[in-house]
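J.: Sending over a structure as structure tokens; questions will come in a sec.
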Amino acid sequence: MSVRTSDAQTNPLIAPRALPAFDEIRPEHVEPAVRELLTEQRRVLLAAERVETPDLGWLRGLEGINTAVHGVWGPVSHLNSVVSSPALRDAFNRCLPLVTEFATELAQNEALYRHFSTLQATTAAERHPVEAQLIAHALRDFRLGGVTLTGNDRKRFREVAQTLSLRQASFEQNLMDATDAFAHHETDRGALAGLPEIVLDRAREQAVERGLEGWWLTLDAPTYQAVLAHAESAALRERYYEAWVTRASDRGPHAGRWDNGPLIEEILALRRELAGLVGFKTFADFSLATKMAPSSARVIEFLRDLARRSKPLAESELAMLTDYAGRPLQPWDVGFYAERLKQERFKISEEELRPFFPLPRVLDGLFELAAKLFGLSISAASPPSVWHPSVRYFELERGGERVGSFYADLFARPNKRGGAWMDVCKSRAKLNGRRQKPVAYLVCNFNPPVGEAPSLLTHSDVVTLFHEFGHALHHLLTEVDYPSLAGINGVAWDAVELPSQFMENFTWRPEVLAEMTRHFRTGESLPAEKIATMNRSRTFLAGLAMIRQIEFALFDFRLHLEFSPGAGPGVLELLAGVRREVAVVEVPEYNRFPNTFGHIFGGGYAAGYYSYKWAEVLAADAFAAFEESGVLNRDTADRFRRAILATGGSRDPLASFVAFRGREPTLDALLKQIGIPESGDSPR
């Protein structure tokens with residue numbers, strides 16, 4: 001990307017650098033950089049349109065447009081998620097329509113569409129399979145982007161796409177603000193009985209920072225989870241539960257402020273209209289155009305089949321917890337009594353294990369596993385700059401060659417989006433002599449270090465870290481040279497979770513845990529009997545966990561299949577119907593879960609949350625191959641790397657799975673993991 005010299009000297013977003021200069025980027029840099037970027041890329045686009053006979057060199061050159069846009073807009077979007085501020089948010093919101101408009105221009109460019117059609121007719125898939133896949137994806141995306149629309153329909157498509165991007169961003173921003181707004185100040189230590197010391201120490205530090213006595217507890221995920229699982233006070237658990245499930249809604253402690261309810265209705269209406277403009281009856285059908293699942297009916301059938309198998313187990317588990325508690329359970333009681341019964345039955349608890357999972361040792365163990373499986377050498381390095389002092393940077397080498405790098409931003413803090421995710425900083429590229437190594441962002445929200453103690457993870461945190469690292473491996477170990485198909489790019493959304501959920505399985509293996517765990521004070525490894533107990537407890541309440549995810553997935557898919565403005569069931573009514581069908585834990589009327597469902601209303605999982613379950617089938621089946629050959633078997637790992645991780649979106653994901661496993665996937669391995677009789681059925 002060429003830029004004006006004066007701008008490049010003063011604006012870190014458009015200055016040529018190997019990595020973004022995060023500590024130099026200011027909100028006032030965003031709009032000038034975006035406008036300069038888009039002006040330049042429109043010139044590049046015009047030149048591409050004028051080519052008379054497109055060839056593969058032309059195709060590689062065109063890939064540079066999206067690479068250039070992401071090089072500027074990617075860091076802005078990332079900063080807006082991890083160090084949000086009013087000024088940065090305003091700059092992001094001003095420029096989001098500009099970037100969306102440019103993306104729509106690309107998608108509706110008839111000259112490019114004709115050129116890609118010409119290339120498809122002249123490119124032999126046998127000789128150029130990756131290029132053929134790239135061309136096929138591009139033609140599909142042109143059609144989904146409205147390239148065949150004319151007149152008012154084309155104009156309306158652009159308007160809807162712009163408005164939709166803004167509303168989705170507003171949803172995430174409301175959720176972040178609502179989460180940050182809640183806090184519980186407590187001066188009575190007795191009212192906090194049962195809470196882990198790591199949570200109390202952090203709450204005490206936060207109180208001191210505010211000049212207060214006692215403890216200041218926020219609503220970040222680590223604190224919320226600790227309260228629901230460990231607080232002996234039912235009143236405190238209920239207070240936190242209500243605050244959590246009413247965020248950004250018309251109920252709860254901040255009722256009516258940052259309310260996402262109207263946004264949900266508008267987002268759903270816009271998505272349905274967008275899908276209709278390009279010939280789809282529903283947004284669910286539109287969504288499946290880029291996924292593995294063959295039809296909406298098959299997705300519903302898949303989820304209901306899993307629900308049918310899982311619900312009896314979940315009901316028996318809830319009955320067991322109720323008997324143990326000696327009274328009917330409210331939603332804020334389930335986690336508390338589950339943890340107590342787990343401790344009593346297995347003589348093990350998350351908090352007992354936490355000292356054995358100091359974050360530095362967990363990272364070392366994770367990197368050692370990557371070395372054993374994939375021959376990777378991962379080492380800390382100093383990036384040019386970071387956006388927060390706690391962020392670290394790591395480089396990966398394989399066979400003496402650097403293959404990529406990633407930033408790790410692992411601790412919860414205000415003005416940072418909740419949850420955990422991996423995102424693309426740079427994609428692998430080899431385009432007409434230009435080379436680019438992949439770079440990833442790995443983001444979590446763990447408890448930060450307190451005093452001299454390191455960050456101590458629960459085993460659930462470790463599972464989360466391995467999950468996101470699986471996404472990072474998928475991105476970093478790609479061998480595809482086209483950014484549009486490299487790493488996670490171009491992978492069907494219901495297959496993209498395969499590497500991440502596959503990696504979770506290693507967090508239960510004795511041969512991995514023995515090396516990964518070290519007590520942060522004594523240096524002792526987690527005892528073998530504790531590891532064995534952990535594995536015996538793996539299926540504890542697995543039915544409840546499964547049915548909860550099915551509830552989310554079925555709600556998401558049915559919502560995008562059935563919702564119609566002014567007709568049919570409303571959002572909460574449809575959710576109530578899903579809960580009657582599959583859920584086993586009743587929730588109070590004030591529960592506003594949809595208002596917090598950022599995956600589908602702010603992120604990329606709309607009509608795609610089922611992907612977690614779909615890919616979990618693939619992951620369990622893939623990991624079974626390791627159990628058959630030896631969990632750390634290098635040959636099996638290399639086959640997995642070559643068949644799954646290296647190929648990215650360059651071929652059909654089912655073909656990649658079959659290349660690794662030698663057959664199509666079945667449900668058996670997943671059902672075995674959660675203690676349900678095997679079926680022999682295929683998810684397809």
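A note on labels: chains of the structure tokens are A, B, ... as shown, every chain counts residues from 1, and ligands are counted from 1 in their shown order.
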Considering only C-alpha atoms, return as a PyMOL selection string whatever protein or nucleic-acid residues lie within 9 Å of Lys342 (chain A), sequence-local ones (same chain, fewer than 6 positions apart) excluded.

T.: chain A and resi 348-349+537+540

J.: Using only C-alpha atoms, which protein or nucleic acid residues come within 10 Å of Val403 (chain A)? Drop anything in the same chain fewer than 3 positions from it, and give the result as a PyMOL selection string.

T.: chain A and resi 376-377+395-400+428+436-439+476-479

J.: Selected residues, C-alpha atoms, written as a CSV table (one decimal), in the first residue's frame, please.

T.:
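See selection.csv below for the written result:
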```csv
chain,number,residue,atom,x,y,z
A,376,LEU,CA,7.4,-26.0,17.3
A,377,SER,CA,9.8,-23.9,19.2
A,395,GLU,CA,7.5,-16.2,18.1
A,396,LEU,CA,7.2,-19.7,16.6
A,397,GLU,CA,9.9,-21.6,14.8
A,398,ARG,CA,9.7,-24.9,13.0
A,399,GLY,CA,12.7,-26.7,11.5
A,400,GLY,CA,14.8,-23.6,12.2
A,428,ARG,CA,0.2,-15.5,5.8
A,436,GLN,CA,4.1,-12.0,5.1
A,437,LYS,CA,4.3,-14.3,8.1
A,438,PRO,CA,1.1,-14.9,10.1
A,439,VAL,CA,0.6,-13.0,13.4
A,476,LEU,CA,-0.1,-19.8,12.3
A,477,LEU,CA,0.7,-23.2,10.9
A,478,THR,CA,-1.1,-22.7,7.6
A,479,GLU,CA,0.8,-23.4,4.4
```

J.: Any idea what's packed within 8 Å of Tyr224 (chain A), counting only C-alpha atoms, ignoring anything in its chain fewer than 6 positions away? Could you give it as a list in words?

T.: Thr218, Tyr240, Tyr241 and Trp244 of chain A

J.: How would the residues just picked look written out with N, CA and C atoms as a PDB file, in the first residue's frame?

T.:
```
ATOM      1  N   THR A 218     -16.041  -6.721  40.990  1.00  0.00           N
ATOM      2  CA  THR A 218     -16.582  -6.291  39.710  1.00  0.00           C
ATOM      3  C   THR A 218     -17.381  -7.431  39.077  1.00  0.00           C
ATOM      4  N   TYR A 240     -25.454 -11.380  42.021  1.00  0.00           N
ATOM      5  CA  TYR A 240     -24.556 -11.476  40.876  1.00  0.00           C
ATOM      6  C   TYR A 240     -25.233 -12.113  39.669  1.00  0.00           C
ATOM      7  N   TYR A 241     -26.027 -13.126  39.921  1.00  0.00           N
ATOM      8  CA  TYR A 241     -26.751 -13.761  38.817  1.00  0.00           C
ATOM      9  C   TYR A 241     -27.656 -12.748  38.125  1.00  0.00           C
ATOM     10  N   TRP A 244     -25.716 -10.273  36.088  1.00  0.00           N
ATOM     11  CA  TRP A 244     -25.119 -10.878  34.894  1.00  0.00           C
ATOM     12  C   TRP A 244     -26.144 -11.083  33.785  1.00  0.00           C
TER      13      TRP A 244
END
```

J.: Pick out the residues sitting within 12 Å of Leu195 (chain A), and hand them over as a PyMOL selection string; count only C-alpha atoms, and ignore anything fewer than 2 positions along from it in its own chain.

T.: chain A and resi 189-193+197-203+215+217+222-233+236-237+336+350-351

J.: Region 51-54 of chain A: which residues within 7 Å, counting only C-alpha atoms, same-chain residues fewer than 3 positions away excluded, as a list in words?

T.: Ala47, Ala48, Trp58, His115 and Leu119 of chain A

J.: Those same residues - all heavy atoms - I'd like them written as an mmCIF file, in the first residue's frame.

T.:
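In the end it all went to selection-v2.cif:
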```
data_model
loop_
_atom_site.group_PDB
_atom_site.id
_atom_site.type_symbol
_atom_site.label_atom_id
_atom_site.label_comp_id
_atom_site.auth_asym_id
_atom_site.auth_seq_id
_atom_site.Cartn_x
_atom_site.Cartn_y
_atom_site.Cartn_z
ATOM 1 N N ALA A 47 -7.508 -0.114 -11.304
ATOM 2 C CA ALA A 47 -6.521 -0.729 -12.198
ATOM 3 C C ALA A 47 -6.846 -2.204 -12.432
ATOM 4 O O ALA A 47 -6.702 -2.723 -13.549
ATOM 5 C CB ALA A 47 -5.120 -0.583 -11.608
ATOM 6 N N ALA A 48 -7.308 -2.886 -11.384
ATOM 7 C CA ALA A 48 -7.664 -4.303 -11.521
ATOM 8 C C ALA A 48 -8.866 -4.486 -12.438
ATOM 9 O O ALA A 48 -8.939 -5.456 -13.203
ATOM 10 C CB ALA A 48 -7.949 -4.902 -10.144
ATOM 11 N N TRP A 58 -2.782 -11.663 -11.685
ATOM 12 C CA TRP A 58 -3.838 -10.681 -11.364
ATOM 13 C C TRP A 58 -4.567 -11.089 -10.083
ATOM 14 O O TRP A 58 -4.855 -10.234 -9.234
ATOM 15 C CB TRP A 58 -4.818 -10.623 -12.530
ATOM 16 C CG TRP A 58 -6.018 -9.748 -12.317
ATOM 17 C CD1 TRP A 58 -6.117 -8.412 -12.578
ATOM 18 C CD2 TRP A 58 -7.288 -10.155 -11.813
ATOM 19 N NE1 TRP A 58 -7.373 -7.951 -12.270
ATOM 20 C CE2 TRP A 58 -8.113 -9.006 -11.788
ATOM 21 C CE3 TRP A 58 -7.811 -11.356 -11.380
ATOM 22 C CZ2 TRP A 58 -9.436 -9.030 -11.337
ATOM 23 C CZ3 TRP A 58 -9.128 -11.393 -10.926
ATOM 24 C CH2 TRP A 58 -9.927 -10.251 -10.911
ATOM 25 N N HIS A 115 -14.328 -10.941 -14.280
ATOM 26 C CA HIS A 115 -12.952 -11.431 -14.331
ATOM 27 C C HIS A 115 -12.817 -12.768 -13.597
ATOM 28 O O HIS A 115 -12.123 -13.679 -14.073
ATOM 29 C CB HIS A 115 -12.002 -10.405 -13.718
ATOM 30 C CG HIS A 115 -11.744 -9.214 -14.600
ATOM 31 N ND1 HIS A 115 -11.952 -9.234 -15.952
ATOM 32 C CD2 HIS A 115 -11.264 -7.971 -14.312
ATOM 33 C CE1 HIS A 115 -11.625 -8.056 -16.475
ATOM 34 N NE2 HIS A 115 -11.196 -7.266 -15.486
ATOM 35 N N LEU A 119 -11.692 -16.380 -15.021
ATOM 36 C CA LEU A 119 -10.640 -17.191 -14.410
ATOM 37 C C LEU A 119 -11.127 -18.595 -14.093
ATOM 38 O O LEU A 119 -10.394 -19.579 -14.264
ATOM 39 C CB LEU A 119 -10.153 -16.527 -13.115
ATOM 40 C CG LEU A 119 -8.997 -15.534 -13.225
ATOM 41 C CD1 LEU A 119 -8.656 -14.986 -11.846
ATOM 42 C CD2 LEU A 119 -7.764 -16.197 -13.838
#
```

J.: Select from region 443-549 of chain A everything DSSP, run on the backbone, classes as strand (DSSP E or B), then give the selection as number ranges by chain.

T.: A: 443-446, 450, 453, 456

J.: Would you save the residues from that selection as a PDB file, in the first residue's frame, using N, CA, C and O atoms?

T.:
```pdb
ATOM      1  N   VAL A 443      -6.468 -13.722  23.122  1.00  0.00           N
ATOM      2  CA  VAL A 443      -7.030 -12.866  24.162  1.00  0.00           C
ATOM      3  C   VAL A 443      -7.887 -13.692  25.117  1.00  0.00           C
ATOM      4  O   VAL A 443      -8.742 -14.467  24.691  1.00  0.00           O
ATOM      5  N   CYS A 444      -7.646 -13.538  26.414  1.00  0.00           N
ATOM      6  CA  CYS A 444      -8.460 -14.178  27.450  1.00  0.00           C
ATOM      7  C   CYS A 444      -8.776 -13.147  28.529  1.00  0.00           C
ATOM      8  O   CYS A 444      -8.334 -11.994  28.452  1.00  0.00           O
ATOM      9  N   ASN A 445      -9.523 -13.570  29.534  1.00  0.00           N
ATOM     10  CA  ASN A 445      -9.870 -12.686  30.653  1.00  0.00           C
ATOM     11  C   ASN A 445      -9.691 -13.435  31.971  1.00  0.00           C
ATOM     12  O   ASN A 445     -10.635 -13.684  32.714  1.00  0.00           O
ATOM     13  N   PHE A 446      -8.435 -13.790  32.276  1.00  0.00           N
ATOM     14  CA  PHE A 446      -8.121 -14.495  33.509  1.00  0.00           C
ATOM     15  C   PHE A 446      -7.891 -13.507  34.643  1.00  0.00           C
ATOM     16  O   PHE A 446      -7.663 -12.310  34.419  1.00  0.00           O
ATOM     17  N   VAL A 450      -1.653 -11.049  41.588  1.00  0.00           N
ATOM     18  CA  VAL A 450      -1.917 -10.204  42.753  1.00  0.00           C
ATOM     19  C   VAL A 450      -0.679 -10.232  43.638  1.00  0.00           C
ATOM     20  O   VAL A 450      -0.244 -11.305  44.073  1.00  0.00           O
ATOM     21  N   ALA A 453       2.295 -13.086  43.853  1.00  0.00           N
ATOM     22  CA  ALA A 453       1.809 -14.353  43.301  1.00  0.00           C
ATOM     23  C   ALA A 453       1.512 -14.205  41.817  1.00  0.00           C
ATOM     24  O   ALA A 453       1.005 -13.173  41.374  1.00  0.00           O
ATOM     25  N   LEU A 456      -3.077 -17.379  38.852  1.00  0.00           N
ATOM     26  CA  LEU A 456      -3.362 -18.790  39.082  1.00  0.00           C
ATOM     27  C   LEU A 456      -4.657 -19.147  38.365  1.00  0.00           C
ATOM     28  O   LEU A 456      -5.690 -18.519  38.595  1.00  0.00           O
TER      29      LEU A 456
END
```

J.: Near region 624-635 of chain A, counting only C-alpha atoms, which residues have an atom at most 8 Å away, once you skip same-chain residues fewer than 4 positions from it, shown as a PyMOL selection string?

T.: chain A and resi 372-374+620+639+661+669

J.: Hey, could you make a per-residue contact list for region 356-436 of chain A against region 493-501 of chain A with 12 Å as the cut-off, showing the nearest pair of atoms and its distance in Å to one decimal, counting only C-alpha atoms, sorted by chain and number, as JSON lines?

T.:
```
{"residue": "A:Ala420", "atom": "CA", "partner": "A:Ser500", "partner_atom": "CA", "distance": 11.9}
{"residue": "A:Trp421", "atom": "CA", "partner": "A:Ser500", "partner_atom": "CA", "distance": 10.5}
{"residue": "A:Met422", "atom": "CA", "partner": "A:Ser500", "partner_atom": "CA", "distance": 10.0}
```

J.: Could you dump the residues just selected with N, CA and C atoms as a CSV table (one decimal), in the first residue's frame?

T.:
```
chain,number,residue,atom,x,y,z
A,420,ALA,N,-13.1,-14.9,25.6
A,420,ALA,CA,-11.8,-15.2,25.1
A,420,ALA,C,-11.9,-15.4,23.6
A,421,TRP,N,-10.8,-15.1,22.9
A,421,TRP,CA,-10.9,-15.2,21.4
A,421,TRP,C,-9.5,-15.2,20.8
A,422,MET,N,-9.4,-15.7,19.6
A,422,MET,CA,-8.2,-15.5,18.8
A,422,MET,C,-8.6,-14.7,17.6
```
